[in-house]
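Next up, my_file29.pdb (PDB, C-alpha atoms):
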MODEL        1
ATOM      1  CA  MET A   1     -48.016 -29.403 -46.372
ATOM      2  CA  PRO A   2     -47.366 -28.847 -42.642
ATOM      3  CA  ASP A   3     -45.090 -26.004 -41.581
ATOM      4  CA  THR A   4     -42.080 -27.543 -39.816
ATOM      5  CA  THR A   5     -40.126 -24.321 -39.242
ATOM      6  CA  HIS A   6     -39.741 -23.041 -35.718
ATOM      7  CA  THR A   7     -37.756 -20.438 -33.838
ATOM      8  CA  SER A   8     -35.933 -20.643 -30.545
ATOM      9  CA  PRO A   9     -34.382 -17.947 -28.361
ATOM     10  CA  ALA A  10     -30.690 -17.303 -28.708
ATOM     11  CA  LEU A  11     -28.543 -19.193 -26.238
ATOM     12  CA  ALA A  12     -26.997 -17.102 -23.522
ATOM     13  CA  ARG A  13     -23.251 -16.682 -23.835
ATOM     14  CA  THR A  14     -21.276 -18.399 -21.131
ATOM     15  CA  ASP A  15     -17.880 -16.951 -22.012
ATOM     16  CA  THR A  16     -18.503 -13.568 -20.451
ATOM     17  CA  ASP A  17     -19.115 -12.351 -16.939
ATOM     18  CA  PRO A  18     -22.680 -11.006 -16.704
ATOM     19  CA  THR A  19     -21.441  -8.198 -14.502
ATOM     20  CA  GLY A  20     -18.612  -7.406 -16.895
ATOM     21  CA  ALA A  21     -16.562  -5.308 -14.534
ATOM     22  CA  ALA A  22     -15.498  -8.006 -12.074
ATOM     23  CA  THR A  23     -13.924 -10.210 -14.730
ATOM     24  CA  ARG A  24     -12.162  -7.361 -16.465
ATOM     25  CA  ALA A  25     -10.895  -5.910 -13.199
ATOM     26  CA  THR A  26      -9.405  -9.039 -11.656
ATOM     27  CA  ILE A  27      -5.815  -9.673 -12.679
ATOM     28  CA  GLY A  28      -5.240 -12.508 -10.234
ATOM     29  CA  ILE A  29      -2.568 -13.451  -7.748
ATOM     30  CA  ASP A  30      -1.934 -16.654  -5.841
ATOM     31  CA  ARG A  31      -1.796 -16.993  -2.077
ATOM     32  CA  ARG A  32       1.885 -17.889  -2.004
ATOM     33  CA  ARG A  33       2.815 -14.615  -3.654
ATOM     34  CA  VAL A  34       0.504 -12.671  -1.327
ATOM     35  CA  SER A  35       2.360 -14.238   1.601
ATOM     36  CA  ARG A  36       5.747 -13.288   0.170
ATOM     37  CA  LEU A  37       4.682  -9.718  -0.498
ATOM     38  CA  GLY A  38       3.256  -9.516   3.005
ATOM     39  CA  LEU A  39       6.646 -10.439   4.430
ATOM     40  CA  VAL A  40       8.279  -7.719   2.309
ATOM     41  CA  LEU A  41       5.885  -5.219   3.885
ATOM     42  CA  THR A  42       6.651  -6.475   7.396
ATOM     43  CA  ALA A  43      10.397  -6.319   6.804
ATOM     44  CA  GLY A  44      10.300  -2.785   5.419
ATOM     45  CA  ALA A  45       8.063  -1.461   8.196
ATOM     46  CA  THR A  46      10.146  -3.138  10.918
ATOM     47  CA  ILE A  47      13.450  -1.798   9.584
ATOM     48  CA  TRP A  48      12.137   1.765   9.311
ATOM     49  CA  SER A  49      10.544   1.481  12.753
ATOM     50  CA  ALA A  50      13.912   0.467  14.228
ATOM     51  CA  SER A  51      15.543   3.465  12.569
ATOM     52  CA  ASN A  52      12.892   5.756  14.055
ATOM     53  CA  PHE A  53      13.396   4.288  17.509
ATOM     54  CA  VAL A  54      17.156   4.875  17.308
ATOM     55  CA  PHE A  55      17.451   8.186  15.449
ATOM     56  CA  GLY A  56      14.000   9.741  15.548
ATOM     57  CA  PRO A  57      12.000  11.085  12.584
ATOM     58  CA  THR A  58      13.957  14.317  12.032
ATOM     59  CA  ALA A  59      17.594  13.321  12.572
ATOM     60  CA  ASP A  60      20.463  15.026  10.729
ATOM     61  CA  GLY A  61      23.754  13.674   9.439
ATOM     62  CA  VAL A  62      24.251   9.919   9.437
ATOM     63  CA  GLY A  63      21.029   9.340  11.354
ATOM     64  CA  GLY A  64      19.108  11.321   8.774
ATOM     65  CA  ARG A  65      20.577   9.324   5.899
ATOM     66  CA  VAL A  66      19.785   6.060   7.678
ATOM     67  CA  GLY A  67      16.233   7.313   8.164
ATOM     68  CA  ASP A  68      15.914   8.179   4.469
ATOM     69  CA  LEU A  69      17.229   4.840   3.227
ATOM     70  CA  THR A  70      15.292   2.713   5.710
ATOM     71  CA  GLY A  71      12.271   4.811   4.803
ATOM     72  CA  PHE A  72      12.872   3.751   1.209
ATOM     73  CA  LEU A  73      12.814   0.115   2.319
ATOM     74  CA  PHE A  74       9.475   0.799   3.990
ATOM     75  CA  GLN A  75       8.213   2.272   0.730
ATOM     76  CA  VAL A  76       9.288  -0.894  -1.088
ATOM     77  CA  GLY A  77       7.091  -2.748   1.388
ATOM     78  CA  VAL A  78       4.176  -0.439   0.637
ATOM     79  CA  PHE A  79       4.688  -1.130  -3.094
ATOM     80  CA  ALA A  80       4.283  -4.816  -2.209
ATOM     81  CA  LEU A  81       1.043  -4.017  -0.372
ATOM     82  CA  LEU A  82      -0.285  -1.996  -3.314
ATOM     83  CA  THR A  83       0.527  -4.866  -5.670
ATOM     84  CA  VAL A  84      -1.636  -7.212  -3.604
ATOM     85  CA  MET A  85      -4.405  -4.604  -3.436
ATOM     86  CA  LEU A  86      -4.383  -4.033  -7.184
ATOM     87  CA  ARG A  87      -4.325  -7.707  -8.129
ATOM     88  CA  THR A  88      -7.133  -8.600  -5.723
ATOM     89  CA  SER A  89      -9.193  -5.486  -6.531
ATOM     90  CA  ALA A  90      -9.180  -4.647  -2.820
ATOM     91  CA  THR A  91     -10.596  -1.162  -3.405
ATOM     92  CA  GLY A  92     -13.357  -2.459  -5.691
ATOM     93  CA  THR A  93     -13.773  -3.609  -9.266
ATOM     94  CA  SER A  94     -14.776  -0.329 -10.886
ATOM     95  CA  ARG A  95     -12.351   1.537 -13.110
ATOM     96  CA  ALA A  96     -12.199   4.432 -10.636
ATOM     97  CA  ALA A  97     -11.543   2.129  -7.679
ATOM     98  CA  ARG A  98      -8.604   0.497  -9.417
ATOM     99  CA  ALA A  99      -7.322   3.811 -10.790
ATOM    100  CA  MET A 100      -6.869   5.165  -7.271
ATOM    101  CA  VAL A 101      -4.379   2.377  -6.559
ATOM    102  CA  ARG A 102      -2.478   3.174  -9.751
ATOM    103  CA  VAL A 103      -2.369   6.870  -8.816
ATOM    104  CA  GLU A 104      -0.937   5.859  -5.443
ATOM    105  CA  PHE A 105       1.792   3.894  -7.242
ATOM    106  CA  VAL A 106       2.838   7.151  -8.923
ATOM    107  CA  LEU A 107       2.735   9.198  -5.714
ATOM    108  CA  LEU A 108       4.696   6.564  -3.837
ATOM    109  CA  GLY A 109       7.201   6.252  -6.672
ATOM    110  CA  LEU A 110       7.965   9.978  -6.537
ATOM    111  CA  ALA A 111       8.203   9.851  -2.736
ATOM    112  CA  SER A 112      10.626   6.935  -3.054
ATOM    113  CA  LEU A 113      12.798   8.955  -5.411
ATOM    114  CA  TRP A 114      13.037  11.610  -2.712
ATOM    115  CA  SER A 115      14.082   9.004  -0.121
ATOM    116  CA  LEU A 116      16.883   7.728  -2.345
ATOM    117  CA  ALA A 117      18.002  11.153  -3.548
ATOM    118  CA  HIS A 118      17.994  12.724  -0.096
ATOM    119  CA  GLY A 119      19.663   9.701   1.458
ATOM    120  CA  LEU A 120      22.446   9.367  -1.109
ATOM    121  CA  ALA A 121      23.066  12.882  -2.418
ATOM    122  CA  PRO A 122      25.989  14.982  -1.156
ATOM    123  CA  GLU A 123      24.979  17.273   1.682
ATOM    124  CA  SER A 124      25.302  20.304  -0.568
ATOM    125  CA  LEU A 125      22.607  18.946  -2.867
ATOM    126  CA  GLN A 126      20.155  17.588  -0.310
ATOM    127  CA  ASP A 127      18.239  20.865  -0.209
ATOM    128  CA  SER A 128      18.352  21.500  -3.953
ATOM    129  CA  PRO A 129      15.059  22.545  -5.595
ATOM    130  CA  ALA A 130      14.732  19.285  -7.523
ATOM    131  CA  ILE A 131      14.987  17.182  -4.371
ATOM    132  CA  MET A 132      12.795  19.517  -2.334
ATOM    133  CA  VAL A 133      10.027  19.298  -4.941
ATOM    134  CA  LEU A 134       9.978  15.533  -4.520
ATOM    135  CA  ASP A 135       9.694  15.913  -0.754
ATOM    136  CA  VAL A 136       6.040  16.943  -1.033
ATOM    137  CA  PHE A 137       5.124  13.496  -2.343
ATOM    138  CA  TRP A 138       6.023  11.816   0.972
ATOM    139  CA  PRO A 139       2.989  13.210   2.837
ATOM    140  CA  LEU A 140       0.835  13.006  -0.295
ATOM    141  CA  SER A 141       1.609   9.305  -0.700
ATOM    142  CA  MET A 142       0.802   8.599   2.956
ATOM    143  CA  LEU A 143      -2.449  10.564   2.689
ATOM    144  CA  GLY A 144      -3.260   8.518  -0.396
ATOM    145  CA  MET A 145      -2.699   5.303   1.569
ATOM    146  CA  PHE A 146      -5.107   6.552   4.234
ATOM    147  CA  VAL A 147      -7.799   7.110   1.593
ATOM    148  CA  ILE A 148      -7.125   3.653   0.156
ATOM    149  CA  GLY A 149      -7.444   2.128   3.617
ATOM    150  CA  ILE A 150     -10.910   3.637   3.939
ATOM    151  CA  LYS A 151     -11.870   2.369   0.479
ATOM    152  CA  VAL A 152     -10.687  -1.179   1.263
ATOM    153  CA  ALA A 153     -12.829  -1.232   4.406
ATOM    154  CA  VAL A 154     -15.876   0.118   2.551
ATOM    155  CA  ALA A 155     -15.487  -2.159  -0.489
ATOM    156  CA  GLY A 156     -15.364  -5.259   1.709
ATOM    157  CA  ARG A 157     -13.599  -7.438  -0.818
ATOM    158  CA  TRP A 158     -10.955  -8.373   1.766
ATOM    159  CA  ARG A 159     -12.571 -10.361   4.546
ATOM    160  CA  GLY A 160     -12.218 -10.794   8.269
ATOM    161  CA  ILE A 161      -9.452  -8.892  10.034
ATOM    162  CA  LEU A 162      -7.893  -7.909   6.691
ATOM    163  CA  ARG A 163     -10.919  -5.809   5.839
ATOM    164  CA  GLY A 164     -10.155  -3.279   8.564
ATOM    165  CA  TRP A 165      -6.452  -3.643   9.322
ATOM    166  CA  PRO A 166      -5.223  -1.705   6.266
ATOM    167  CA  LEU A 167      -7.063   1.322   7.643
ATOM    168  CA  VAL A 168      -5.411   0.775  11.031
ATOM    169  CA  ALA A 169      -1.991   0.685   9.363
ATOM    170  CA  GLU A 170      -2.670   3.577   7.043
ATOM    171  CA  THR A 171      -3.593   5.982   9.830
ATOM    172  CA  TRP A 172       0.160   6.270  10.368
ATOM    173  CA  ALA A 173       0.401   9.753   8.873
ATOM    174  CA  VAL A 174      -2.763  11.131  10.479
ATOM    175  CA  VAL A 175      -1.535   9.921  13.884
ATOM    176  CA  THR A 176       2.199  10.626  13.692
ATOM    177  CA  VAL A 177       2.248  14.060  12.075
ATOM    178  CA  PRO A 178      -0.187  15.691  14.558
ATOM    179  CA  SER A 179       1.689  14.052  17.437
ATOM    180  CA  MET A 180       4.902  15.654  16.185
ATOM    181  CA  VAL A 181       3.244  19.071  16.053
ATOM    182  CA  VAL A 182       1.550  18.795  19.436
ATOM    183  CA  LEU A 183       4.016  16.709  21.459
ATOM    184  CA  GLY A 184       7.326  17.318  19.702
ATOM    185  CA  ASP A 185       9.890  15.044  18.072
ATOM    186  CA  GLY A 186      10.606  13.054  21.215
ATOM    187  CA  ALA A 187       7.072  11.742  21.603
ATOM    188  CA  ALA A 188       6.585  11.404  17.842
ATOM    189  CA  ARG A 189       9.603   9.099  17.693
ATOM    190  CA  TRP A 190       7.924   6.543  19.926
ATOM    191  CA  ILE A 191       4.419   7.028  18.574
ATOM    192  CA  GLY A 192       5.463   6.780  14.929
ATOM    193  CA  ALA A 193       7.829   3.837  15.385
ATOM    194  CA  THR A 194       5.322   1.891  17.482
ATOM    195  CA  HIS A 195       2.508   2.619  15.029
ATOM    196  CA  LEU A 196       4.625   1.206  12.197
ATOM    197  CA  LEU A 197       4.980  -2.075  14.069
ATOM    198  CA  LEU A 198       1.354  -2.372  15.142
ATOM    199  CA  GLY A 199       0.045  -1.181  11.796
ATOM    200  CA  TYR A 200       2.072  -1.993   8.705
ATOM    201  CA  ALA A 201       4.290  -4.719  10.181
ATOM    202  CA  VAL A 202       1.284  -6.589  11.570
ATOM    203  CA  LEU A 203      -0.611  -6.077   8.310
ATOM    204  CA  GLY A 204       2.228  -7.769   6.459
ATOM    205  CA  LEU A 205       2.117 -10.712   8.857
ATOM    206  CA  LEU A 206      -1.638 -11.008   8.394
ATOM    207  CA  LEU A 207      -1.152 -11.130   4.618
ATOM    208  CA  ALA A 208       1.536 -13.772   5.065
ATOM    209  CA  ARG A 209      -0.533 -15.930   7.417
ATOM    210  CA  ARG A 210      -4.038 -15.427   6.011
ATOM    211  CA  PRO A 211      -3.663 -14.707   2.277
ATOM    212  CA  GLU A 212      -7.007 -16.388   1.560
ATOM    213  CA  LEU A 213      -8.777 -13.426   3.184
ATOM    214  CA  THR A 214      -7.741 -11.288   0.198
ATOM    215  CA  GLY A 215      -9.540 -13.565  -2.250
ATOM    216  CA  ALA A 216      -6.259 -14.695  -3.809
ATOM    217  CA  SER A 217      -6.341 -17.970  -5.719
ATOM    218  CA  GLU A 218      -4.803 -21.161  -4.290
TER     219      GLU A 218
ENDMDL
END
Can the structure from this file be put into structure tokens for me?
Amino acid sequence: MPDTTHTSPALARTDTDPTGAATRATIGIDRRRVSRLGLVLTAGATIWSASNFVFGPTADGVGGRVGDLTGFLFQVGVFALLTVMLRTSATGTSRAARAMVRVEFVLLGLASLWSLAHGLAPESLQDSPAIMVLDVFWPLSMLGMFVIGIKVAVAGRWRGILRGWPLVAETWAVVTVPSMVVLGDGAARWIGATHLLLGYAVLGLLLARRPELTGASE
């Protein structure tokens, strides 16, 4: 009696990503939302830039409070930028690459608490230990954005001008702080405020006008 049994190789699964990481890492965001979040970034950066032009970066009294609260609006814009970066895996698809964005959310959140607390608290409490502890997260959050800007450029998941412009925007701290030390508050006012417009405000407009360069879905 002839043997009619035979074996065949197992069919490859088509319901999983062969690379694994890319599928798990991508949350997804559509281009319309990228555009809206880009405009939030532009608005926040422009408002804080205007405050810097008028009052400078180290004003006291009313000017200082306006600087704190407009700085908070800028931070809201940076939260919008981080949301786009996280949902498009702009820093890469590995767990570490995405974790660095989440860590920046925490740093920026604590810096934002300082902006609100220092801007709204009575003058007698503005220099309290609790508020002063939060102050350290302002420079840490901006340094974190600089590192993220480098990672976005290296990862290359954002294309065209959006691959490099985050790094341009996120050099704000490494340009403005040394200029304040070397040239004084007067020069830093103009350098910092102008950098905000050319960097973060333009980045927001690029996201609004060219969201497809982030890889966002239609």
Target residues per the PyMOL selection byres ((chain A and resi 192) around 10), formatted as a PyMOL selection string: chain A and resi 49+52-53+56-57+172-173+175-177+179-180+185+187-191+193-197
Distance query range 130-145 of chain A at most 12 Å, all atoms listed in the file, self and fewer than 5 positions along chain excluded, as a PyMOL selection string: chain A and resi 68+71-72+74-75+78-79+81-82+85+91+100-125+150-152+166-177+200
Save out the residues we just selected, C-alpha atoms, as a tab-separated table (two decimals), in the frame of the given file.
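Generated file (selection-v5.tsv):
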chain	number	residue	atom	x	y	z
A	68	ASP	CA	15.91	8.18	4.47
A	71	GLY	CA	12.27	4.81	4.80
A	72	PHE	CA	12.87	3.75	1.21
A	74	PHE	CA	9.48	0.80	3.99
A	75	GLN	CA	8.21	2.27	0.73
A	78	VAL	CA	4.18	-0.44	0.64
A	79	PHE	CA	4.69	-1.13	-3.09
A	81	LEU	CA	1.04	-4.02	-0.37
A	82	LEU	CA	-0.28	-2.00	-3.31
A	85	MET	CA	-4.40	-4.60	-3.44
A	91	THR	CA	-10.60	-1.16	-3.40
A	100	MET	CA	-6.87	5.16	-7.27
A	101	VAL	CA	-4.38	2.38	-6.56
A	102	ARG	CA	-2.48	3.17	-9.75
A	103	VAL	CA	-2.37	6.87	-8.82
A	104	GLU	CA	-0.94	5.86	-5.44
A	105	PHE	CA	1.79	3.89	-7.24
A	106	VAL	CA	2.84	7.15	-8.92
A	107	LEU	CA	2.74	9.20	-5.71
A	108	LEU	CA	4.70	6.56	-3.84
A	109	GLY	CA	7.20	6.25	-6.67
A	110	LEU	CA	7.96	9.98	-6.54
A	111	ALA	CA	8.20	9.85	-2.74
A	112	SER	CA	10.63	6.94	-3.05
A	113	LEU	CA	12.80	8.96	-5.41
A	114	TRP	CA	13.04	11.61	-2.71
A	115	SER	CA	14.08	9.00	-0.12
A	116	LEU	CA	16.88	7.73	-2.35
A	117	ALA	CA	18.00	11.15	-3.55
A	118	HIS	CA	17.99	12.72	-0.10
A	119	GLY	CA	19.66	9.70	1.46
A	120	LEU	CA	22.45	9.37	-1.11
A	121	ALA	CA	23.07	12.88	-2.42
A	122	PRO	CA	25.99	14.98	-1.16
A	123	GLU	CA	24.98	17.27	1.68
A	124	SER	CA	25.30	20.30	-0.57
A	125	LEU	CA	22.61	18.95	-2.87
A	150	ILE	CA	-10.91	3.64	3.94
A	151	LYS	CA	-11.87	2.37	0.48
A	152	VAL	CA	-10.69	-1.18	1.26
A	166	PRO	CA	-5.22	-1.70	6.27
A	167	LEU	CA	-7.06	1.32	7.64
A	168	VAL	CA	-5.41	0.78	11.03
A	169	ALA	CA	-1.99	0.68	9.36
A	170	GLU	CA	-2.67	3.58	7.04
A	171	THR	CA	-3.59	5.98	9.83
A	172	TRP	CA	0.16	6.27	10.37
A	173	ALA	CA	0.40	9.75	8.87
A	174	VAL	CA	-2.76	11.13	10.48
A	175	VAL	CA	-1.54	9.92	13.88
A	176	THR	CA	2.20	10.63	13.69
A	177	VAL	CA	2.25	14.06	12.08
A	200	TYR	CA	2.07	-1.99	8.70
For CA of Ala97 in chain A and CA of Arg36 in chain A, the interatomic separation in Å (one decimal):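 Separation between CA of Ala97 in chain A and CA of Arg36 in chain A: 24.5 Å.
When only C-alpha atoms are used to measure the gap to Ile148 in chain A, the shortest distance among A:Thr58, A:Val66, A:Gly186, A:Ala90 belongs to A:Ala90.
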Counting all atoms listed in the file, the option among A:Val154, A:Asp30, A:Gln126, A:Gly160 closest to Gly64 in chain A: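 For Gly64 in chain A, the nearest of the candidates is A:Gln126.
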Nearby residues (all atoms listed in the file) at most 7 Å from range 39-44 of chain A, same-chain spacing under 3 positions excluded, as a list in words: Ser35, Arg36, Ile47, Trp48, Leu73, Phe74, Val76, Gly77, Val78, Ala80, Leu81, Tyr200, Ala201, Val202, Gly204, Leu205 and Ala208 of chain A
Separation of CA of Arg157 in chain A from CA of Gly199 in chain A, in Å and rounded to one decimal: 19.6 Å
Polymer residues at most 12 Å from Arg32 in chain A, all atoms listed in the file, same-chain spacing of 3 or more positions, as an NGL selection string: :A and (29 or 35-39 or 84 or 207-212 or 214 or 216-218)
Pairwise distance for CA of Gly156 in chain A and CA of Pro178 in chain A, rounded to one decimal in Å: 28.9 Å
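Distances here use only C-alpha atoms; by that measure, the residue among A:Ala96, A:Leu206, A:Leu198, A:Leu183 closest to Ile161 in chain A is A:Leu206.
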A:Gly28, A:Gly67, A:Gly184, A:Gly164 ranked by distance to Leu86 in chain A, top pick (using all atoms listed in the file):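 For Leu86 in chain A, the nearest of the candidates is A:Gly28.
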Assuming 5 Å of padding per side, give the centre and edge lengths of the axis-aligned box around every listed atom of range 153-163 of chain A, in Å to one decimal and as lines of an AutoDock Vina configuration file.
center_x = -11.9
center_y = -5.3
center_z = 4.6
size_x = 18.0
size_y = 20.9
size_z = 20.9
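Shortest separation to Ser94 in chain A among A:Leu213, A:Val181, A:Ala155, A:Leu203 occurs at residue A:Ala155, atoms counted being all atoms listed in the file.
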Output range 90-122 of chain A as a short mmCIF file (atom, residue, chain, number, x, y, z; two decimals), in the coordinates of the input, making sure N, CA and C atoms are there.
data_model
loop_
_atom_site.label_atom_id
_atom_site.label_comp_id
_atom_site.auth_asym_id
_atom_site.auth_seq_id
_atom_site.Cartn_x
_atom_site.Cartn_y
_atom_site.Cartn_z
N ALA A 90 -8.80 -4.89 -4.20
CA ALA A 90 -9.18 -4.65 -2.82
C ALA A 90 -10.03 -3.39 -2.66
N THR A 91 -9.83 -2.40 -3.51
CA THR A 91 -10.60 -1.16 -3.40
C THR A 91 -11.90 -1.21 -4.18
N GLY A 92 -12.15 -2.32 -4.88
CA GLY A 92 -13.36 -2.46 -5.69
C GLY A 92 -13.01 -2.81 -7.12
N THR A 93 -14.01 -3.16 -7.89
CA THR A 93 -13.77 -3.61 -9.27
C THR A 93 -14.04 -2.54 -10.32
N SER A 94 -14.52 -1.38 -9.90
CA SER A 94 -14.78 -0.33 -10.89
C SER A 94 -13.47 0.25 -11.40
N ARG A 95 -13.55 0.92 -12.53
CA ARG A 95 -12.35 1.54 -13.11
C ARG A 95 -11.79 2.60 -12.18
N ALA A 96 -12.65 3.38 -11.55
CA ALA A 96 -12.20 4.43 -10.64
C ALA A 96 -11.52 3.84 -9.40
N ALA A 97 -12.10 2.75 -8.88
CA ALA A 97 -11.54 2.13 -7.68
C ALA A 97 -10.15 1.59 -7.93
N ARG A 98 -9.92 1.03 -9.09
CA ARG A 98 -8.60 0.50 -9.42
C ARG A 98 -7.65 1.61 -9.82
N ALA A 99 -8.18 2.69 -10.40
CA ALA A 99 -7.32 3.81 -10.79
C ALA A 99 -6.70 4.47 -9.57
N MET A 100 -7.42 4.50 -8.45
CA MET A 100 -6.87 5.16 -7.27
C MET A 100 -5.62 4.44 -6.77
N VAL A 101 -5.57 3.12 -6.95
CA VAL A 101 -4.38 2.38 -6.56
C VAL A 101 -3.23 2.72 -7.51
N ARG A 102 -3.52 2.83 -8.78
CA ARG A 102 -2.48 3.17 -9.75
C ARG A 102 -1.95 4.59 -9.51
N VAL A 103 -2.82 5.52 -9.15
CA VAL A 103 -2.37 6.87 -8.82
C VAL A 103 -1.45 6.83 -7.60
N GLU A 104 -1.78 5.98 -6.63
CA GLU A 104 -0.94 5.86 -5.44
C GLU A 104 0.43 5.29 -5.80
N PHE A 105 0.49 4.39 -6.77
CA PHE A 105 1.79 3.89 -7.24
C PHE A 105 2.67 5.06 -7.70
N VAL A 106 2.08 6.00 -8.42
CA VAL A 106 2.84 7.15 -8.92
C VAL A 106 3.29 8.03 -7.77
N LEU A 107 2.38 8.35 -6.85
CA LEU A 107 2.74 9.20 -5.71
C LEU A 107 3.84 8.55 -4.88
N LEU A 108 3.70 7.26 -4.64
CA LEU A 108 4.70 6.56 -3.84
C LEU A 108 6.03 6.46 -4.57
N GLY A 109 5.97 6.30 -5.89
CA GLY A 109 7.20 6.25 -6.67
C GLY A 109 7.98 7.55 -6.57
N LEU A 110 7.29 8.68 -6.65
CA LEU A 110 7.96 9.98 -6.54
C LEU A 110 8.49 10.20 -5.12
N ALA A 111 7.72 9.75 -4.12
CA ALA A 111 8.20 9.85 -2.74
C ALA A 111 9.44 8.98 -2.53
N SER A 112 9.47 7.82 -3.17
CA SER A 112 10.63 6.94 -3.05
C SER A 112 11.86 7.55 -3.70
N LEU A 113 11.67 8.26 -4.79
CA LEU A 113 12.80 8.96 -5.41
C LEU A 113 13.39 9.97 -4.45
N TRP A 114 12.52 10.67 -3.70
CA TRP A 114 13.04 11.61 -2.71
C TRP A 114 13.86 10.88 -1.65
N SER A 115 13.37 9.75 -1.16
CA SER A 115 14.08 9.00 -0.12
C SER A 115 15.49 8.63 -0.59
N LEU A 116 15.58 8.12 -1.82
CA LEU A 116 16.88 7.73 -2.35
C LEU A 116 17.77 8.94 -2.58
N ALA A 117 17.21 9.97 -3.22
CA ALA A 117 18.00 11.15 -3.55
C ALA A 117 18.50 11.84 -2.29
N HIS A 118 17.61 12.02 -1.32
CA HIS A 118 17.99 12.72 -0.10
C HIS A 118 18.94 11.88 0.76
N GLY A 119 18.81 10.57 0.67
CA GLY A 119 19.66 9.70 1.46
C GLY A 119 21.04 9.51 0.87
N LEU A 120 21.17 9.65 -0.45
CA LEU A 120 22.45 9.37 -1.11
C LEU A 120 23.17 10.60 -1.63
N ALA A 121 22.46 11.69 -1.82
CA ALA A 121 23.07 12.88 -2.42
C ALA A 121 24.08 13.52 -1.47
N PRO A 122 25.09 14.20 -2.01
CA PRO A 122 25.99 14.98 -1.16
C PRO A 122 25.19 16.01 -0.36
#
